[in-house]
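**Q** What follows is upload.txt, compact mmCIF, C-alpha atoms and all ligand atoms.
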# COMPACT_ATOMS: atom_id res chain seq x y z
CA GLN A 1 139.84 144.44 97.35
CA ARG A 2 137.99 147.34 95.75
CA ALA A 3 134.34 146.67 94.95
CA ARG A 4 134.04 146.34 91.20
CA SER A 5 131.84 148.94 89.60
CA LEU A 6 129.20 148.77 86.91
CA ALA A 7 128.51 152.52 87.02
CA GLY A 8 127.30 153.80 83.67
CA LYS A 9 126.35 150.33 82.41
CA HIS A 10 122.83 149.18 81.56
CA VAL A 11 122.17 145.53 82.31
CA LEU A 12 118.99 143.70 81.35
CA VAL A 13 117.86 140.75 83.46
CA THR A 14 114.94 138.38 82.84
CA ALA A 15 113.63 136.34 85.74
CA GLY A 16 110.83 134.07 86.85
CA PRO A 17 108.54 131.78 84.90
CA THR A 18 106.08 132.78 82.24
CA HIS A 19 102.39 131.92 82.39
CA GLU A 20 100.74 130.82 79.17
CA PRO A 21 96.95 131.08 79.32
CA ILE A 22 94.62 128.18 78.53
CA ASP A 23 91.42 130.06 79.26
CA PRO A 24 90.59 133.11 81.44
CA VAL A 25 91.30 131.21 84.69
CA ARG A 26 93.93 128.60 83.79
CA TYR A 27 97.51 128.66 82.58
CA ILE A 28 100.60 126.54 81.90
CA ALA A 29 103.60 127.39 84.07
CA ASN A 30 106.80 125.97 85.54
CA ARG A 31 108.45 125.85 88.96
CA SER A 32 110.76 128.85 88.64
CA SER A 33 110.60 131.09 91.74
CA GLY A 34 112.52 134.01 90.23
CA ARG A 35 114.86 134.12 93.23
CA GLN A 36 118.15 133.63 91.36
CA GLY A 37 117.27 136.26 88.76
CA PHE A 38 116.12 138.79 91.37
CA ALA A 39 119.34 138.20 93.35
CA ILE A 40 121.37 138.87 90.20
CA ALA A 41 119.44 142.08 89.49
CA GLN A 42 120.12 143.21 93.07
CA ALA A 43 123.85 142.40 92.90
CA LEU A 44 124.19 144.31 89.63
CA ALA A 45 122.37 147.35 91.04
CA GLU A 46 124.57 147.25 94.16
CA ARG A 47 127.58 147.57 91.85
CA GLY A 48 126.13 150.69 90.29
CA ALA A 49 124.55 149.33 87.11
CA ARG A 50 121.27 150.64 85.78
CA VAL A 51 119.24 147.44 85.86
CA THR A 52 116.07 146.63 83.93
CA LEU A 53 114.45 143.53 85.39
CA VAL A 54 111.82 141.93 83.18
CA ALA A 55 109.94 139.69 85.57
CA GLY A 56 107.42 136.97 84.96
CA PRO A 57 104.69 136.37 87.54
CA VAL A 58 106.46 135.99 90.90
CA THR A 59 105.76 137.21 94.42
CA LEU A 60 109.14 138.76 95.15
CA PRO A 61 109.88 142.34 96.25
CA THR A 62 111.68 144.55 93.74
CA PRO A 63 115.36 145.02 94.69
CA ALA A 64 116.35 148.62 95.53
CA ALA A 65 117.09 150.88 92.56
CA VAL A 66 116.02 148.29 89.98
CA ASP A 67 113.60 149.18 87.15
CA ARG A 68 111.08 146.35 87.04
CA VAL A 69 108.78 145.49 84.14
CA ASP A 70 106.17 142.84 84.98
CA VAL A 71 105.01 140.49 82.25
CA GLU A 72 102.94 137.33 82.12
CA THR A 73 103.61 135.48 78.87
CA ALA A 74 106.73 134.69 76.84
CA ARG A 75 105.61 136.98 74.06
CA GLU A 76 105.14 139.84 76.51
CA MET A 77 108.62 139.11 77.90
CA ALA A 78 110.11 139.20 74.39
CA ASP A 79 108.46 142.57 73.73
CA ALA A 80 109.66 144.00 77.07
CA VAL A 81 113.22 142.83 76.39
CA ALA A 82 113.22 144.44 72.93
CA ALA A 83 111.85 147.67 74.41
CA ALA A 84 114.60 147.78 77.06
CA LEU A 85 117.47 147.75 74.54
CA PRO A 86 120.19 148.86 74.14
CA ALA A 87 122.02 147.19 77.01
CA ASP A 88 125.69 146.58 77.73
CA ALA A 89 124.93 143.13 79.08
CA ALA A 90 121.93 140.85 79.40
CA VAL A 91 121.42 138.00 81.84
CA MET A 92 118.56 135.79 80.76
CA VAL A 93 117.57 133.90 83.89
CA ALA A 94 113.87 133.50 83.14
CA ALA A 95 112.45 130.01 82.76
CA VAL A 96 110.45 130.89 79.67
CA ALA A 97 107.70 128.45 78.74
CA ASP A 98 108.75 126.63 75.60
CA TRP A 99 105.20 126.37 74.33
CA ARG A 100 101.95 128.28 74.55
CA VAL A 101 98.39 127.17 73.86
CA GLU A 102 97.64 127.80 70.21
CA ALA A 103 94.02 128.90 70.65
CA THR A 104 93.17 130.22 74.10
CA ALA A 105 89.50 129.97 75.05
CA ASP A 106 87.60 133.21 75.59
CA GLN A 107 85.40 131.58 78.23
CA LYS A 108 86.26 129.14 81.00
CA LEU A 109 86.41 125.57 79.68
CA LYS A 110 83.64 123.53 81.28
CA LYS A 111 83.80 119.96 82.51
CA GLY A 112 81.82 117.61 80.33
CA THR A 113 81.96 114.38 78.45
CA MET A 114 84.77 115.57 76.15
CA GLN A 115 88.31 115.99 77.51
CA PRO A 116 89.88 119.17 76.16
CA ALA A 117 92.94 118.67 73.96
CA LEU A 118 95.47 121.48 74.05
CA ALA A 119 97.38 122.21 70.86
CA LEU A 120 100.71 123.84 71.72
CA VAL A 121 102.90 126.05 69.54
CA PRO A 122 106.50 127.08 70.26
CA ASN A 123 107.22 130.40 71.96
CA PRO A 124 109.90 132.75 70.66
CA ASP A 125 113.34 132.04 72.11
CA ILE A 126 114.20 135.40 73.66
CA LEU A 127 117.88 134.61 74.30
CA ALA A 128 118.48 133.23 70.81
CA THR A 129 116.69 136.19 69.25
CA LEU A 130 118.87 138.60 71.22
CA GLY A 131 121.99 136.63 70.31
CA ALA A 132 121.27 137.07 66.61
CA SER A 133 120.08 140.67 66.88
CA PRO A 134 121.97 143.72 65.62
CA ASP A 135 121.24 145.14 69.10
CA ARG A 136 122.96 142.20 70.80
CA PRO A 137 124.43 143.32 74.14
CA ARG A 138 128.22 143.08 74.26
CA LEU A 139 127.97 140.42 76.96
CA LEU A 140 125.10 137.95 76.65
CA ILE A 141 124.56 135.40 79.38
CA GLY A 142 122.05 132.56 79.41
CA PHE A 143 121.06 130.02 81.99
CA ALA A 144 120.58 126.32 81.41
CA ALA A 145 118.44 124.38 83.84
CA GLU A 146 118.92 120.72 83.12
CA THR A 147 118.17 117.44 84.82
CA GLU A 148 120.78 115.37 82.93
CA ASN A 149 123.96 115.90 80.83
CA VAL A 150 124.10 119.42 82.29
CA LEU A 151 127.43 120.50 80.78
CA GLY A 152 126.83 118.96 77.37
CA HIS A 153 123.49 120.69 76.98
CA ALA A 154 124.93 123.97 78.30
CA ALA A 155 127.83 124.03 75.85
CA ALA A 156 125.49 123.26 72.95
CA LYS A 157 123.14 126.01 74.11
CA ARG A 158 125.98 128.55 74.30
CA THR A 159 126.80 128.17 70.62
CA ALA A 160 123.25 127.61 69.36
CA LYS A 161 121.96 130.78 71.04
CA HIS A 162 125.08 132.91 70.38
CA ALA A 163 125.58 133.52 74.09
CA ASP A 164 128.96 134.39 75.62
CA TRP A 165 128.40 132.51 78.84
CA ILE A 166 125.95 129.90 80.02
CA VAL A 167 125.33 129.42 83.72
CA ALA A 168 124.41 125.76 83.95
CA ASN A 169 122.60 124.29 86.88
CA ASP A 170 121.31 120.87 87.72
CA VAL A 171 117.67 121.25 88.70
CA SER A 172 117.08 117.58 89.43
CA GLY A 173 117.35 118.33 93.20
CA ASP A 174 116.00 121.18 95.36
CA VAL A 175 117.18 124.18 93.33
CA MET A 176 113.76 125.39 92.20
CA GLY A 177 112.51 127.71 94.95
CA GLY A 178 115.43 126.82 97.25
CA ASP A 179 118.11 129.05 98.78
CA ALA A 180 121.21 127.49 97.26
CA ASN A 181 122.43 126.70 93.80
CA THR A 182 125.27 124.65 92.33
CA VAL A 183 126.27 126.13 88.99
CA HIS A 184 128.91 125.78 86.33
CA LEU A 185 130.03 128.76 84.28
CA VAL A 186 130.45 127.67 80.66
CA THR A 187 132.45 130.11 78.51
CA ALA A 188 134.42 129.93 75.27
CA LEU A 189 137.44 129.06 77.44
CA GLY A 190 135.88 126.08 79.15
CA VAL A 191 133.94 125.20 82.26
CA GLU A 192 134.33 126.58 85.78
CA GLN A 193 132.78 124.52 88.51
CA TRP A 194 131.45 126.63 91.40
CA GLU A 195 130.77 125.02 94.76
CA ARG A 196 127.24 124.89 96.17
CA LEU A 197 126.51 128.49 97.20
CA PRO A 198 123.61 130.60 98.42
CA LYS A 199 121.82 132.18 95.44
CA ALA A 200 122.92 135.62 96.70
CA THR A 201 126.58 134.53 96.51
CA VAL A 202 126.14 133.10 93.02
CA ALA A 203 124.64 136.47 92.09
CA ALA A 204 127.52 138.45 93.66
CA ARG A 205 130.18 136.36 91.91
CA LEU A 206 128.43 136.61 88.59
CA ALA A 207 128.01 140.39 88.96
CA ASP A 208 131.75 140.73 89.70
CA ARG A 209 132.56 138.70 86.59
CA ILE A 210 130.22 140.87 84.52
CA ALA A 211 131.94 144.00 85.83
CA ASP A 212 135.35 142.56 84.89
CA ALA A 213 134.13 141.60 81.41
CA LEU A 214 132.64 145.05 80.71
CA LEU A 215 135.76 147.00 81.78
O1 LIG B 301 116.56 126.23 75.73
P1 LIG B 301 116.47 126.52 77.19
O2 LIG B 301 115.11 126.96 77.64
O3 LIG B 301 117.01 125.44 78.07
O4 LIG B 301 117.46 127.77 77.36
C1 LIG B 301 117.58 128.41 78.58
C2 LIG B 301 118.07 129.80 78.36
O5 LIG B 301 117.40 130.43 77.26
C3 LIG B 301 117.79 130.70 79.54
O6 LIG B 301 118.79 131.72 79.55
C4 LIG B 301 116.43 131.26 79.22
O7 LIG B 301 116.17 132.47 79.89
C5 LIG B 301 116.54 131.46 77.73
N1 LIG B 301 115.27 131.29 77.01
C6 LIG B 301 114.66 132.39 76.43
N2 LIG B 301 113.49 132.25 75.72
C7 LIG B 301 112.94 131.03 75.57
C8 LIG B 301 113.55 129.90 76.16
C9 LIG B 301 114.70 130.06 76.87
O8 LIG B 301 115.17 133.51 76.56
N3 LIG B 301 111.81 130.90 74.88
Could I get this structure in the form of structure tokens?

**A**
Amino acid sequence: QRARSLAGKHVLVTAGPTHEPIDPVRYIANRSSGRQGFAIAQALAERGARVTLVAGPVTLPTPAAVDRVDVETAREMADAVAAALPADAAVMVAAVADWRVEATADQKLKKGTMQPALALVPNPDILATLGASPDRPRLLIGFAAETENVLGHAAAKRTAKHADWIVANDVSGDVMGGDANTVHLVTALGVEQWERLPKATVAARLADRIADALL
């Protein structure tokens, strides 16, 4: 079988968590390692795509021939995504923080008699914004990390965010930071169940499907 090519295509990938500052030394984060998103960026580049990888704070090496833009917060990620357009396809793998601290402190919060109360405000939804944008990539793919009702939430997310495909995974087990992933590909046609696979294999299969879809 001939290796499918993405030559001449620009694909945007987001990966990793975001960090939302509380004060100069503290932040809110999540358990995303960035490994699945980096593996997808690598698989796309290996198929000849020009890849822009917008990465939250992770300690992973940049895959060969991938253009990497490092960001910290959700708002920085949104700006970097907008700046990277146009793209033929986008794969939004990042575990973006849903909320940020409304008023970050300029100085380190000190221990004392009062417990600090953090007021949170919602972050922009980067995938949904892209889905509704005039610059929407032809193929828009989101991820859905869920701990229950995985397929129901994924299907709802696909329509709500105007995505073509949602890669749904159950993160109630050892997915975060682990080597393997069990995903379902949710499209307009239905649900494909993929067996438990190394993250690199999930990435290779998804990159092949992207190449087919962009033909
Ligand atoms: O709503 P939820 O966070 O579960 O949606 C997950 C999908 O949406 C992922 O593709 C993620 O990268 C994307 N997302 C985003 N911006 C947000 C929240 C999620 O791009 N603020």

**Q** Just give me the residues with any atom within 12 Å of (134.3, 139.3, 88.9), file coordinates, counting only C-alpha atoms, written as an NGL selection string.

**A** :A and (1-6 or 43-44 or 47 or 201-215)

**Q** Take the residues just selected and output them with C-alpha atoms as an mmCIF file, in the frame of the given file.

**A**
data_model
loop_
_atom_site.group_PDB
_atom_site.id
_atom_site.type_symbol
_atom_site.label_atom_id
_atom_site.label_comp_id
_atom_site.auth_asym_id
_atom_site.auth_seq_id
_atom_site.Cartn_x
_atom_site.Cartn_y
_atom_site.Cartn_z
ATOM 1 C CA GLN A 1 139.840 144.440 97.350
ATOM 2 C CA ARG A 2 137.990 147.340 95.750
ATOM 3 C CA ALA A 3 134.340 146.670 94.950
ATOM 4 C CA ARG A 4 134.040 146.340 91.200
ATOM 5 C CA SER A 5 131.840 148.940 89.600
ATOM 6 C CA LEU A 6 129.200 148.770 86.910
ATOM 7 C CA ALA A 43 123.850 142.400 92.900
ATOM 8 C CA LEU A 44 124.190 144.310 89.630
ATOM 9 C CA ARG A 47 127.580 147.570 91.850
ATOM 10 C CA THR A 201 126.580 134.530 96.510
ATOM 11 C CA VAL A 202 126.140 133.100 93.020
ATOM 12 C CA ALA A 203 124.640 136.470 92.090
ATOM 13 C CA ALA A 204 127.520 138.450 93.660
ATOM 14 C CA ARG A 205 130.180 136.360 91.910
ATOM 15 C CA LEU A 206 128.430 136.610 88.590
ATOM 16 C CA ALA A 207 128.010 140.390 88.960
ATOM 17 C CA ASP A 208 131.750 140.730 89.700
ATOM 18 C CA ARG A 209 132.560 138.700 86.590
ATOM 19 C CA ILE A 210 130.220 140.870 84.520
ATOM 20 C CA ALA A 211 131.940 144.000 85.830
ATOM 21 C CA ASP A 212 135.350 142.560 84.890
ATOM 22 C CA ALA A 213 134.130 141.600 81.410
ATOM 23 C CA LEU A 214 132.640 145.050 80.710
ATOM 24 C CA LEU A 215 135.760 147.000 81.780
#

**Q** Check every protein, DNA and RNA residue against ligand LIG 301 (chain B), keep those with an atom at most 9 Å away (counting all atoms listed in the file), and present them as an MDAnalysis selection string.

**A** chainID A and resid 14:16 74:75 77:78 91:99 122:130 141:146 153:154 157:158 161 163 166:167

**Q** Which residues are close to Gln42 (chain A), i.e. within 8 Å by only C-alpha atoms, leaving aside same-chain residues fewer than 4 positions away? Reply as a PyMOL selection string.

**A** chain A and resi 38+46+63-64+66

**Q** Could you check which of A:Lys111, A:Arg100, A:Glu195, A:Ala90 is closest to Leu140 (chain A), using all atoms listed in the file?

**A**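 For Leu140 (chain A), the nearest of the given residues is A:Ala90.
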
**Q** Of the candidates A:Ala103, A:Leu53, A:Val11, A:Ile22, which shows the shortest atom-to-atom distance to Val121 (chain A), using only C-alpha atoms?

**A**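 Residue with the minimum atom-to-atom distance to Val121 (chain A): A:Ala103.
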
**Q** For a test of reading the model, state the distance in Å between CA of Val58 (chain A) and CA of Gln36 (chain A), rounded to one decimal.

**A**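 So the answer is 11.9 Å.
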
**Q** Let me make sure I understand: among A:Val101, A:Leu120, A:Ala87, A:Val13, which one has the smallest atom-to-atom distance to Ala55 (chain A) if we use only C-alpha atoms?

**A**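 So, comparing all the options, the nearest one is A:Val13.
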
**Q** Counting all atoms listed in the file, which of A:Leu151, A:Ala49, A:Leu85, A:Leu109 gets nearest to Glu192 (chain A)?

**A**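 Closest candidate: A:Leu151.
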
**Q** Can you save region 24-57 of chain A of the given block to a file, including N, CA, C and O atoms and formatted as a CSV table (one decimal), in the first residue's frame?

**A**
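Result file out_14.csv:
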chain,number,residue,atom,x,y,z
A,24,PRO,N,2.3,35.3,40.4
A,24,PRO,CA,3.5,35.1,39.6
A,24,PRO,C,4.1,33.7,39.7
A,24,PRO,O,4.9,33.2,38.8
A,25,VAL,N,3.7,32.9,40.7
A,25,VAL,CA,4.4,31.6,40.9
A,25,VAL,C,3.4,30.4,40.9
A,25,VAL,O,3.8,29.3,41.0
A,26,ARG,N,2.1,30.7,40.7
A,26,ARG,CA,1.1,29.6,40.8
A,26,ARG,C,0.2,29.6,39.6
A,26,ARG,O,-0.1,30.7,39.0
A,27,TYR,N,-0.3,28.4,39.2
A,27,TYR,CA,-1.2,28.4,38.1
A,27,TYR,C,-2.2,27.2,38.3
A,27,TYR,O,-2.0,26.3,39.1
A,28,ILE,N,-3.3,27.3,37.5
A,28,ILE,CA,-4.2,26.2,37.4
A,28,ILE,C,-3.9,25.4,36.1
A,28,ILE,O,-3.6,26.0,35.1
A,29,ALA,N,-3.9,24.1,36.2
A,29,ALA,CA,-3.5,23.2,35.0
A,29,ALA,C,-4.3,22.0,35.0
A,29,ALA,O,-5.2,21.8,35.9
A,30,ASN,N,-4.0,21.1,34.1
A,30,ASN,CA,-4.7,19.8,34.1
A,30,ASN,C,-3.6,18.7,33.7
A,30,ASN,O,-2.4,19.1,33.5
A,31,ARG,N,-4.0,17.5,33.6
A,31,ARG,CA,-3.0,16.4,33.5
A,31,ARG,C,-2.6,16.0,32.1
A,31,ARG,O,-2.0,15.0,31.9
A,32,SER,N,-2.9,16.8,31.1
A,32,SER,CA,-2.5,16.5,29.8
A,32,SER,C,-1.0,16.5,29.6
A,32,SER,O,-0.4,17.4,30.1
A,33,SER,N,-0.5,15.4,29.0
A,33,SER,CA,1.0,15.4,28.8
A,33,SER,C,1.4,16.0,27.4
A,33,SER,O,2.6,16.2,27.2
A,34,GLY,N,0.4,16.1,26.5
A,34,GLY,CA,0.8,16.5,25.1
A,34,GLY,C,1.2,15.4,24.2
A,34,GLY,O,1.4,15.7,23.0
A,35,ARG,N,1.3,14.2,24.7
A,35,ARG,CA,1.9,13.1,23.9
A,35,ARG,C,1.1,12.8,22.7
A,35,ARG,O,1.6,12.5,21.6
A,36,GLN,N,-0.3,12.7,22.9
A,36,GLN,CA,-1.1,12.3,21.7
A,36,GLN,C,-1.0,13.4,20.6
A,36,GLN,O,-0.9,13.1,19.4
A,37,GLY,N,-1.1,14.6,21.0
A,37,GLY,CA,-1.0,15.7,20.0
A,37,GLY,C,0.3,15.8,19.3
A,37,GLY,O,0.4,16.0,18.1
A,38,PHE,N,1.4,15.6,20.1
A,38,PHE,CA,2.7,15.6,19.5
A,38,PHE,C,2.9,14.5,18.5
A,38,PHE,O,3.5,14.6,17.4
A,39,ALA,N,2.3,13.3,18.9
A,39,ALA,CA,2.4,12.1,18.0
A,39,ALA,C,1.6,12.4,16.7
A,39,ALA,O,2.1,12.0,15.6
A,40,ILE,N,0.5,13.1,16.8
A,40,ILE,CA,-0.3,13.4,15.6
A,40,ILE,C,0.5,14.4,14.7
A,40,ILE,O,0.5,14.3,13.5
A,41,ALA,N,1.1,15.4,15.3
A,41,ALA,CA,1.9,16.4,14.6
A,41,ALA,C,3.0,15.7,13.8
A,41,ALA,O,3.2,15.9,12.6
A,42,GLN,N,3.7,14.7,14.5
A,42,GLN,CA,4.7,14.0,13.8
A,42,GLN,C,4.2,13.1,12.7
A,42,GLN,O,4.8,13.1,11.6
A,43,ALA,N,3.1,12.4,12.9
A,43,ALA,CA,2.6,11.6,11.8
A,43,ALA,C,2.2,12.4,10.6
A,43,ALA,O,2.3,12.0,9.4
A,44,LEU,N,1.6,13.6,10.8
A,44,LEU,CA,1.2,14.4,9.7
A,44,LEU,C,2.4,14.9,8.9
A,44,LEU,O,2.5,14.9,7.7
A,45,ALA,N,3.5,15.3,9.7
A,45,ALA,CA,4.7,15.8,9.0
A,45,ALA,C,5.4,14.7,8.2
A,45,ALA,O,5.9,14.9,7.1
A,46,GLU,N,5.3,13.5,8.8
A,46,GLU,CA,5.9,12.3,8.1
A,46,GLU,C,5.2,12.0,6.8
A,46,GLU,O,5.8,11.4,5.8
A,47,ARG,N,3.9,12.5,6.7
A,47,ARG,CA,3.2,12.3,5.4
A,47,ARG,C,3.3,13.5,4.5
A,47,ARG,O,2.6,13.6,3.5
A,48,GLY,N,4.2,14.4,4.9
A,48,GLY,CA,4.5,15.5,4.0
A,48,GLY,C,3.7,16.8,4.2
A,48,GLY,O,3.9,17.8,3.5
A,49,ALA,N,2.9,16.9,5.2
A,49,ALA,CA,2.2,18.1,5.5
A,49,ALA,C,3.1,19.1,6.1
A,49,ALA,O,4.1,18.8,6.8
A,50,ARG,N,2.8,20.4,5.9
A,50,ARG,CA,3.4,21.5,6.7
A,50,ARG,C,2.6,21.6,7.9
A,50,ARG,O,1.3,21.8,7.9
A,51,VAL,N,3.2,21.4,9.1
A,51,VAL,CA,2.5,21.3,10.3
A,51,VAL,C,2.8,22.4,11.3
A,51,VAL,O,4.0,22.7,11.5
A,52,THR,N,1.8,23.1,11.7
A,52,THR,CA,2.0,24.1,12.8
A,52,THR,C,1.5,23.5,14.1
A,52,THR,O,0.3,23.2,14.2
A,53,LEU,N,2.3,23.4,15.1
A,53,LEU,CA,2.0,22.8,16.3
A,53,LEU,C,1.9,23.8,17.4
A,53,LEU,O,3.0,24.4,17.8
A,54,VAL,N,0.8,24.2,17.9
A,54,VAL,CA,0.6,25.2,18.9
A,54,VAL,C,0.6,24.4,20.2
A,54,VAL,O,-0.4,23.6,20.5
A,55,ALA,N,1.6,24.5,21.0
A,55,ALA,CA,1.8,23.6,22.2
A,55,ALA,C,1.7,24.4,23.5
A,55,ALA,O,2.4,25.5,23.7
A,56,GLY,N,0.9,23.9,24.4
A,56,GLY,CA,0.9,24.4,25.8
A,56,GLY,C,2.2,24.0,26.5
A,56,GLY,O,3.1,23.3,25.9
A,57,PRO,N,2.3,24.3,27.8
A,57,PRO,CA,3.6,24.0,28.5
A,57,PRO,C,3.7,22.5,28.7
A,57,PRO,O,3.0,21.8,29.5
